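This report concerns only the one structure given below.
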Amino acid sequence: MRRREFMTLLGGTAATWPLAARAQQSAMPVVGFINGASAQTFTRPLTAFLKGLREAGYTDGRNVAIEYHWAEGHYDRMPEIVADLVHKQVSVIAATSTPAALAAKAAATTIPVVFEMGADPVKLGIVASLSRPGGNVTGSTQLTQDTAPKLLELLHELLPAAHVIALLVNPNDPAIAEVSTKAMRAAADSLGLELQIMAASSEGDFEGVFAKLNELRVGALVISAEELFTGHSEQLAALATRNRIPAVYKGREFAAAGGLISYGSDIAESYRLTGIYTGRVLKGEKPANLPVVQATKIELYVNLKTAKALGITVPLPLSGRADELFE
């Protein structure tokens, strides 16, 4: 489905009705929400976005109408989605992925845009600077670039004898793929490790990736912080467990589902901040005057059961730093 109007309630229920009818009820402002994944796989981040929006004084269906667009992995749809939102003259575009932010920056020259992304918005030309975004765009970022090398260091700490490490990237999101690859190559070189780059552009590629990992006899897998992988983190963790491949990714869900380690920025916090900024822009604040914010909370989760099954001893200093241990 190319377009889905979707409202998530904390109770797990959903209600849908024509957006125009909702907006006309009280001339509510309209937020165009764009995400590259699917509603089913992005429940926690979406809930956090709506929480931030409420903190800023807005509730979907009460005093704001949200039009949801889920690209479901088809990032090439982003320009078309943004063009449609521009044509409808929505009040704000919430572009919650790097591809969505790039498309919104290119097409929405007058409509305010609030993004959520893992890449550097300055290097991508989306904002002039983090402190003074300028123009009509601002938003929230995760510390993806800063934490990427740490993922490799954690694996090396646990598996000092593993000399071949693989990095999984999504070629359909070149901004994240290039940043992750560059950072990981530098980290691998400093540790004297060989880095193999694996690519998956859809959920259908995952089985083939793990078959290749077994063929190459890699010692461990680092999964880059990309939207496709976030939306399928539990599936990736299950595949890593089934194939007995030590793997690291961000997000509690990954470790809870059997991934060895989860490390990285709290994605829910980043989405909450994006929701807050969306509300502030709805109230009349200009994106140019809102500095880009960063989700600075870093989470570490370790699955001790998986480590034991793989014959890995987790050092006490590492387990002591964990926010949660799964046993």
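Simple scheme: letters A, B, ... for chains in structure tokens order, numbers from 1 for residues in each chain, numbers from 1 for ligands in the order shown.
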If you run DSSP over the backbone, which residues in stretch 46-264 of chain A end up helix (DSSP H, G or I)? Put them as a compact mmCIF listing (two decimals) with C-alpha atoms, in the first residue's frame.
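Result saved to states_13.txt:
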```
# COMPACT_ATOMS: atom_id res chain seq x y z
CA LEU A 46 6.14 6.22 16.58
CA THR A 47 4.77 6.06 20.13
CA ALA A 48 7.73 8.19 21.27
CA PHE A 49 7.07 10.73 18.49
CA LEU A 50 3.43 11.05 19.55
CA LYS A 51 4.54 11.41 23.18
CA GLY A 52 6.81 14.31 22.24
CA LEU A 53 4.02 15.89 20.25
CA ARG A 54 1.73 15.64 23.30
CA GLU A 55 4.43 17.22 25.48
CA TYR A 75 12.96 4.78 -0.46
CA ASP A 76 12.48 5.75 -4.11
CA ARG A 77 8.92 6.73 -3.14
CA MET A 78 10.10 9.56 -0.90
CA PRO A 79 10.14 12.34 -3.54
CA GLU A 80 6.61 11.42 -4.65
CA ILE A 81 5.34 11.38 -1.05
CA VAL A 82 6.92 14.76 -0.29
CA ALA A 83 5.54 16.25 -3.52
CA ASP A 84 2.05 15.13 -2.51
CA LEU A 85 2.40 16.71 0.95
CA VAL A 86 3.68 19.94 -0.58
CA HIS A 87 0.70 19.97 -2.95
CA LYS A 88 -1.65 19.57 0.03
CA THR A 98 17.64 10.21 6.17
CA PRO A 99 16.05 9.52 2.73
CA ALA A 100 12.87 11.30 3.83
CA ALA A 101 14.84 14.30 5.12
CA LEU A 102 16.79 14.59 1.86
CA ALA A 103 13.59 14.43 -0.20
CA ALA A 104 11.87 16.99 2.02
CA LYS A 105 14.84 19.35 1.87
CA ALA A 106 14.81 19.19 -1.93
CA ALA A 107 11.08 19.73 -2.48
CA THR A 144 25.27 7.05 14.88
CA GLN A 145 28.66 8.18 13.58
CA ASP A 146 30.17 8.48 17.05
CA THR A 147 28.97 5.09 18.26
CA ALA A 148 29.64 3.05 15.09
CA PRO A 149 33.33 2.30 15.84
CA LYS A 150 32.42 1.38 19.42
CA LEU A 151 30.33 -1.52 18.12
CA LEU A 152 33.46 -3.03 16.59
CA GLU A 153 35.47 -2.39 19.73
CA LEU A 154 32.88 -4.21 21.84
CA LEU A 155 32.98 -7.25 19.57
CA HIS A 156 36.77 -7.24 19.59
CA GLU A 157 36.73 -7.07 23.40
CA LEU A 158 34.49 -10.15 23.53
CA PRO A 174 23.87 5.58 0.81
CA ALA A 175 24.30 8.38 3.35
CA ILE A 176 24.23 5.94 6.27
CA ALA A 177 26.01 3.18 4.34
CA GLU A 178 28.94 5.39 3.38
CA VAL A 179 29.34 6.90 6.85
CA SER A 180 29.15 3.50 8.55
CA THR A 181 31.59 1.89 6.12
CA LYS A 182 34.13 4.69 6.45
CA ALA A 183 33.97 4.68 10.26
CA MET A 184 34.17 0.89 10.47
CA ARG A 185 37.09 0.63 8.05
CA ALA A 186 39.04 3.11 10.15
CA ALA A 187 38.19 1.21 13.35
CA ALA A 188 39.05 -2.15 11.77
CA ASP A 189 42.41 -0.85 10.55
CA SER A 190 43.28 0.45 14.01
CA LEU A 191 42.47 -2.94 15.54
CA GLU A 203 13.94 -8.04 4.27
CA GLY A 204 14.14 -10.65 1.54
CA ASP A 205 17.94 -10.29 1.44
CA PHE A 206 18.54 -11.30 5.06
CA GLU A 207 18.65 -15.07 4.62
CA GLY A 208 21.18 -14.74 1.80
CA VAL A 209 23.36 -12.43 3.88
CA PHE A 210 23.63 -14.97 6.71
CA ALA A 211 24.33 -17.77 4.26
CA LYS A 212 27.21 -15.69 2.89
CA LEU A 213 28.47 -14.94 6.39
CA ASN A 214 28.69 -18.65 7.10
CA GLU A 215 30.45 -19.22 3.79
CA LEU A 216 33.04 -16.53 4.58
CA GLU A 227 15.95 2.22 9.32
CA LEU A 228 15.43 -1.09 7.50
CA PHE A 229 17.44 -2.95 10.12
CA THR A 230 15.75 -1.14 13.02
CA GLY A 231 12.35 -2.19 11.70
CA SER A 233 15.92 -5.96 14.43
CA GLU A 234 14.15 -8.91 16.06
CA GLN A 235 14.30 -10.91 12.82
CA LEU A 236 18.00 -10.12 12.43
CA ALA A 237 18.65 -11.17 16.02
CA ALA A 238 16.81 -14.46 15.42
CA LEU A 239 18.86 -15.13 12.28
CA ALA A 240 22.10 -14.38 14.13
CA THR A 241 21.08 -16.77 16.92
CA ARG A 242 20.07 -19.52 14.50
CA ARG A 252 16.85 -3.19 23.40
CA GLU A 253 14.68 -5.27 21.07
CA PHE A 254 17.75 -6.70 19.34
CA ALA A 255 19.35 -8.05 22.52
CA ALA A 256 16.03 -9.19 23.94
```
Residues of stretch 115-321 of chain A in strand (DSSP E or B) according to DSSP, as an NGL selection string?
-> :A and (115-117 or 137-142 or 164-169 or 194-199 or 220-223 or 247-249 or 261-265 or 293-295 or 298-303)
Could you pull the residues within 9 Å of A:Thr296, counting only C-alpha atoms, minus those fewer than 5 positions along the same chain, as a list in words?
->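 The residues that qualify are Gln142, Leu143, Ser265, Asp266, Glu269 and Ser270 of chain A.
Here atom CA of A:Val281 is placed at a distance of 7.5 Å from atom CA of A:Val92.
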All residues 6 Å or closer to stretch 112-114 of chain A, only C-alpha atoms, same chain fewer than 5 positions away omitted, as a ChimeraX atom specification = /A:92-94,136-139
Suppose we keep N, CA and C atoms; can you now write the selection as a tab-separated table (two decimals), in the first residue's frame?
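Result file selection-v3.tsv:
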```tsv
chain	number	residue	atom	x	y	z
A	92	VAL	N	3.32	21.02	8.67
A	92	VAL	CA	4.70	20.61	8.96
A	92	VAL	C	4.93	19.23	8.34
A	93	ILE	N	6.14	18.99	7.86
A	93	ILE	CA	6.53	17.66	7.42
A	93	ILE	C	7.49	17.08	8.44
A	94	ALA	N	7.13	15.94	9.03
A	94	ALA	CA	8.01	15.23	9.96
A	94	ALA	C	8.69	14.12	9.15
A	136	ASN	N	14.21	26.37	6.36
A	136	ASN	CA	12.93	25.85	6.90
A	136	ASN	C	13.06	24.44	7.49
A	137	VAL	N	14.29	24.02	7.82
A	137	VAL	CA	14.52	22.65	8.27
A	137	VAL	C	15.30	22.61	9.58
A	138	THR	N	14.86	21.75	10.49
A	138	THR	CA	15.60	21.44	11.71
A	138	THR	C	15.17	20.05	12.16
A	139	GLY	N	15.68	19.59	13.30
A	139	GLY	CA	15.27	18.26	13.73
A	139	GLY	C	16.17	17.66	14.79
```
With only C-alpha atoms as the basis for distance, which of A:Val218, A:Leu290, A:Leu260, A:Ala128 is at the shortest distance from A:Ala161?
->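 That would be A:Val218, the residue with the smallest distance to A:Ala161.
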Choose the residue, out of A:Ala220, A:Leu318, A:Ala288, A:Ile66, that has the smallest atom-to-atom separation from A:Gly135; count only C-alpha atoms.
->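 The closest residue to A:Gly135 is A:Ala288.
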Using only C-alpha atoms, find the one residue out of A:Leu221, A:Ile267, A:Ala257, A:Ile165 that sits nearest to A:Phe326.
->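 The answer is A:Ala257, which sits nearest to A:Phe326.
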Between A:Ser224, A:Thr306, A:Thr274, A:Asn289, which one has atoms that come closest to A:Leu130, using only C-alpha atoms?
->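 Among the listed residues, A:Asn289 lies closest to A:Leu130.
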Atom pair atom CA of A:Phe115 / atom CA of A:Thr141: separation (Å) |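 These atoms are spaced 8.0 Å apart.
Atom CA of A:Ala307 lies 9.5 Å from atom CA of A:Glu327.
Comparing A:Pro29, A:Gly36, A:Gly57, A:Gly311 by their smallest distance to A:Ser97, the closest is A:Gly36 (using only C-alpha atoms).
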